[in-house]
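K.L.:
Have a peek at target_9.txt (compact mmCIF, C-alpha atoms).
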# COMPACT_ATOMS: atom_id res chain seq x y z
CA MET A 23 37.66 -42.53 -51.23
CA SER A 24 37.73 -42.13 -55.00
CA GLY A 25 35.13 -44.76 -55.92
CA HIS A 26 32.96 -43.38 -58.72
CA THR A 27 29.80 -45.06 -57.40
CA GLY A 28 30.01 -45.20 -53.61
CA GLY A 29 33.15 -43.34 -52.60
CA VAL A 30 33.52 -39.90 -51.11
CA GLN A 31 34.18 -38.57 -54.61
CA ALA A 32 30.75 -39.75 -55.83
CA LYS A 33 28.92 -38.46 -52.77
CA LEU A 34 30.60 -35.07 -53.06
CA LYS A 35 29.73 -34.86 -56.78
CA GLU A 36 26.06 -35.50 -55.91
CA ILE A 37 26.05 -32.37 -53.76
CA HIS A 38 28.48 -30.30 -55.86
CA PRO A 39 28.59 -31.59 -59.48
CA GLN A 40 31.38 -29.15 -60.40
CA ALA A 41 33.75 -30.56 -57.73
CA ILE A 42 37.05 -32.00 -58.94
CA TYR A 43 38.58 -34.95 -57.11
CA VAL A 44 42.34 -34.80 -56.43
CA HIS A 45 44.32 -37.52 -54.68
CA CYS A 46 45.98 -36.41 -51.45
CA MET A 47 49.74 -35.88 -51.61
CA ALA A 48 50.51 -38.87 -49.37
CA HIS A 49 48.57 -41.14 -51.72
CA LYS A 50 50.31 -39.64 -54.75
CA LEU A 51 53.69 -40.24 -53.11
CA ASN A 52 52.69 -43.81 -52.30
CA LEU A 53 51.74 -44.44 -55.94
CA VAL A 54 55.10 -43.06 -57.11
CA VAL A 55 57.05 -45.22 -54.64
CA ILE A 56 55.10 -48.35 -55.60
CA ASP A 57 55.64 -47.67 -59.31
CA MET A 58 59.37 -47.04 -58.82
CA CYS A 59 59.76 -50.27 -56.86
CA LYS A 60 58.33 -52.15 -59.83
CA HIS A 61 61.14 -50.78 -62.01
CA LEU A 62 63.99 -51.55 -59.59
CA LYS A 63 65.03 -55.18 -60.01
CA ASP A 64 66.16 -55.72 -56.39
CA ALA A 65 63.02 -54.12 -54.94
CA ARG A 66 60.81 -56.06 -57.35
CA ASN A 67 62.52 -59.34 -56.38
CA LEU A 68 62.18 -58.54 -52.68
CA PHE A 69 58.46 -57.78 -52.87
CA ASN A 70 57.78 -60.75 -55.16
CA GLY A 71 59.49 -62.95 -52.57
CA LEU A 72 57.44 -61.42 -49.75
CA GLU A 73 54.25 -62.03 -51.72
CA ALA A 74 55.30 -65.64 -52.37
CA LEU A 75 55.88 -66.15 -48.63
CA TYR A 76 52.46 -64.66 -47.88
CA VAL A 77 50.77 -67.01 -50.38
CA HIS A 78 52.66 -70.03 -49.04
CA PHE A 79 51.97 -69.36 -45.36
CA SER A 80 48.36 -68.24 -45.84
CA GLN A 81 47.37 -71.87 -46.45
CA PRO A 82 45.71 -73.19 -43.27
CA THR A 83 48.07 -76.16 -42.82
CA LYS A 84 51.17 -74.01 -43.32
CA ASN A 85 49.76 -71.30 -41.06
CA LYS A 86 49.17 -73.87 -38.28
CA LYS A 87 52.70 -75.20 -38.69
CA MET A 88 54.05 -71.63 -38.50
CA THR A 89 52.09 -70.94 -35.32
CA ASP A 90 53.36 -74.16 -33.71
CA ILE A 91 56.99 -73.42 -34.60
CA GLN A 92 56.68 -69.83 -33.36
CA GLU A 93 55.39 -71.18 -30.05
CA ASN A 94 58.20 -73.77 -29.81
CA LEU A 95 60.89 -71.18 -30.57
CA GLY A 96 59.37 -68.57 -28.26
CA VAL A 97 58.76 -66.16 -31.13
CA LYS A 98 55.82 -63.76 -30.99
CA LYS A 99 52.94 -65.21 -33.03
CA THR A 100 52.52 -63.08 -36.13
CA LYS A 101 51.30 -63.70 -39.65
CA ILE A 102 52.93 -62.48 -42.83
CA PRO A 103 50.58 -59.78 -44.12
CA GLN A 104 49.52 -59.51 -47.74
CA LEU A 105 51.17 -56.77 -49.79
CA SER A 106 49.05 -53.90 -51.02
CA ASP A 107 49.68 -51.47 -53.85
CA THR A 108 47.68 -48.77 -52.11
CA ARG A 109 49.23 -49.04 -48.65
CA TRP A 110 52.99 -48.83 -48.33
CA VAL A 111 52.70 -49.65 -44.62
CA CYS A 112 51.65 -53.21 -45.61
CA ARG A 113 55.03 -53.67 -47.27
CA TYR A 114 56.76 -52.38 -44.15
CA LYS A 115 54.73 -54.75 -41.95
CA SER A 116 55.49 -57.66 -44.27
CA CYS A 117 59.24 -56.96 -44.11
CA ASN A 118 59.12 -56.71 -40.30
CA SER A 119 57.11 -59.91 -40.05
CA VAL A 120 59.60 -61.86 -42.18
CA ILE A 121 62.53 -60.49 -40.14
CA ALA A 122 60.81 -61.39 -36.85
CA ASN A 123 59.89 -64.87 -38.15
CA PHE A 124 63.07 -65.61 -40.05
CA LYS A 125 63.99 -68.70 -37.97
CA PRO A 126 60.50 -70.25 -38.10
CA ILE A 127 60.26 -69.58 -41.86
CA LEU A 128 63.65 -71.19 -42.51
CA TYR A 129 62.79 -74.13 -40.26
CA ILE A 130 59.52 -74.82 -42.10
CA LEU A 131 60.93 -74.36 -45.60
CA ASP A 132 63.95 -76.52 -44.77
CA GLU A 133 61.63 -79.22 -43.43
CA GLU A 134 59.54 -79.08 -46.62
CA ILE A 135 62.57 -79.36 -48.87
The structure in this file should be written as structure tokens.

P.N.:
Amino acid sequence: MSGHTGGVQAKLKEIHPQAIYVHCMAHKLNLVVIDMCKHLKDARNLFNGLEALYVHFSQPTKNKKMTDIQENLGVKKTKIPQLSDTRWVCRYKSCNSVIANFKPILYILDEEI
């Protein structure tokens, strides 16, 4: 949206050079929440852990193992999504995914240890 070369902001400025771009309120709120979470130790630790799980299970061999264990345990096949600073919903989805896959995650990590 706000890209200075190809976003809506740039295209609007081509037509109306005097236009001023302002982030929408939902995006502003998201930026505030993300920034505050970086300053709260517990929230920072939680999201760092979620990101570490994403990195670990995004490897093809680990992802295959996760899918196999989910199938064996009768758990719905889901991946752990990557966190995003611009979309709070990604953090929500990541939390839900880890909760839903808690047993498979523990099983795999315990096996690796």

K.L.:
Quick check, in Å to one decimal: how far apart do atom CA of Val55 of chain A and atom CA of Ile127 of chain A lie?

P.N.:
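Distance reported for this atom pair: 27.7 Å.
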
K.L.:
Counting only C-alpha atoms, figure out which residue out of A:Asp64, A:Pro126, A:Val54, A:Leu34 gets nearest to Lys86 of chain A.

P.N.:
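The closest residue to Lys86 of chain A is A:Pro126.
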
K.L.:
Excluding Tyr114 of chain A and its own-chain neighbours fewer than 5 positions away, which residues fall within 10 Å of it when counting all atoms listed in the file? Please give them as a PyMOL selection string.

P.N.:
chain A and resi 103+105+109+119

K.L.:
Name the residues in contact with Leu53 of chain A at a cut-off of 9 Å, using only C-alpha atoms, excluding same-chain residues fewer than 2 positions from it; report them as an NGL selection string.

P.N.:
:A and (48-51 or 55-58 or 107-110)

K.L.:
Produce a file of the selected residues containing C-alpha atoms, as a PDB file, in the frame of the given file.

P.N.:
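Dumped to out_25.pdb:
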ATOM      1  CA  ALA A  48      50.510 -38.870 -49.370  1.00  0.00           C
ATOM      2  CA  HIS A  49      48.570 -41.140 -51.720  1.00  0.00           C
ATOM      3  CA  LYS A  50      50.310 -39.640 -54.750  1.00  0.00           C
ATOM      4  CA  LEU A  51      53.690 -40.240 -53.110  1.00  0.00           C
ATOM      5  CA  VAL A  55      57.050 -45.220 -54.640  1.00  0.00           C
ATOM      6  CA  ILE A  56      55.100 -48.350 -55.600  1.00  0.00           C
ATOM      7  CA  ASP A  57      55.640 -47.670 -59.310  1.00  0.00           C
ATOM      8  CA  MET A  58      59.370 -47.040 -58.820  1.00  0.00           C
ATOM      9  CA  ASP A 107      49.680 -51.470 -53.850  1.00  0.00           C
ATOM     10  CA  THR A 108      47.680 -48.770 -52.110  1.00  0.00           C
ATOM     11  CA  ARG A 109      49.230 -49.040 -48.650  1.00  0.00           C
ATOM     12  CA  TRP A 110      52.990 -48.830 -48.330  1.00  0.00           C
TER      13      TRP A 110
END

K.L.:
Could you state the separation of atom CA of Thr100 of chain A and atom CA of Lys63 of chain A in Å, given to one decimal place?

P.N.:
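Answer for the atom CA of Thr100 of chain A to atom CA of Lys63 of chain A separation: 28.1 Å.
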
K.L.:
Please reconstruct the missing atoms of segment 69-80 of chain A (target: N, CA, C and O atoms) and return them as a CSV table (one decimal), in the frame of the given file.

P.N.:
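The result, written out as out-v1.csv:
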chain,number,residue,atom,x,y,z
A,69,PHE,N,59.9,-57.8,-53.1
A,69,PHE,CA,58.5,-57.8,-52.9
A,69,PHE,C,57.8,-59.0,-53.5
A,69,PHE,O,56.8,-59.5,-53.0
A,70,ASN,N,58.3,-59.5,-54.6
A,70,ASN,CA,57.8,-60.8,-55.2
A,70,ASN,C,58.0,-61.9,-54.2
A,70,ASN,O,57.2,-62.8,-54.0
A,71,GLY,N,59.2,-61.9,-53.6
A,71,GLY,CA,59.5,-63.0,-52.6
A,71,GLY,C,58.6,-62.8,-51.3
A,71,GLY,O,58.1,-63.9,-50.8
A,72,LEU,N,58.3,-61.6,-50.9
A,72,LEU,CA,57.4,-61.4,-49.8
A,72,LEU,C,56.0,-61.9,-50.1
A,72,LEU,O,55.4,-62.5,-49.3
A,73,GLU,N,55.6,-61.6,-51.3
A,73,GLU,CA,54.2,-62.0,-51.7
A,73,GLU,C,54.2,-63.6,-51.8
A,73,GLU,O,53.2,-64.2,-51.4
A,74,ALA,N,55.3,-64.2,-52.3
A,74,ALA,CA,55.3,-65.6,-52.4
A,74,ALA,C,55.2,-66.3,-51.0
A,74,ALA,O,54.6,-67.3,-50.8
A,75,LEU,N,55.9,-65.7,-50.0
A,75,LEU,CA,55.9,-66.2,-48.6
A,75,LEU,C,54.5,-66.0,-48.1
A,75,LEU,O,54.0,-66.9,-47.4
A,76,TYR,N,53.8,-64.9,-48.3
A,76,TYR,CA,52.5,-64.7,-47.9
A,76,TYR,C,51.5,-65.8,-48.4
A,76,TYR,O,50.8,-66.4,-47.7
A,77,VAL,N,51.6,-66.0,-49.7
A,77,VAL,CA,50.8,-67.0,-50.4
A,77,VAL,C,51.0,-68.4,-49.8
A,77,VAL,O,50.1,-69.1,-49.4
A,78,HIS,N,52.3,-68.7,-49.6
A,78,HIS,CA,52.7,-70.0,-49.0
A,78,HIS,C,52.1,-70.2,-47.6
A,78,HIS,O,51.5,-71.2,-47.3
A,79,PHE,N,52.3,-69.2,-46.8
A,79,PHE,CA,52.0,-69.4,-45.4
A,79,PHE,C,50.5,-69.0,-45.1
A,79,PHE,O,50.1,-69.0,-43.9
A,80,SER,N,49.8,-68.5,-46.1
A,80,SER,CA,48.4,-68.2,-45.8
A,80,SER,C,47.5,-69.5,-46.0
A,80,SER,O,46.3,-69.5,-45.6
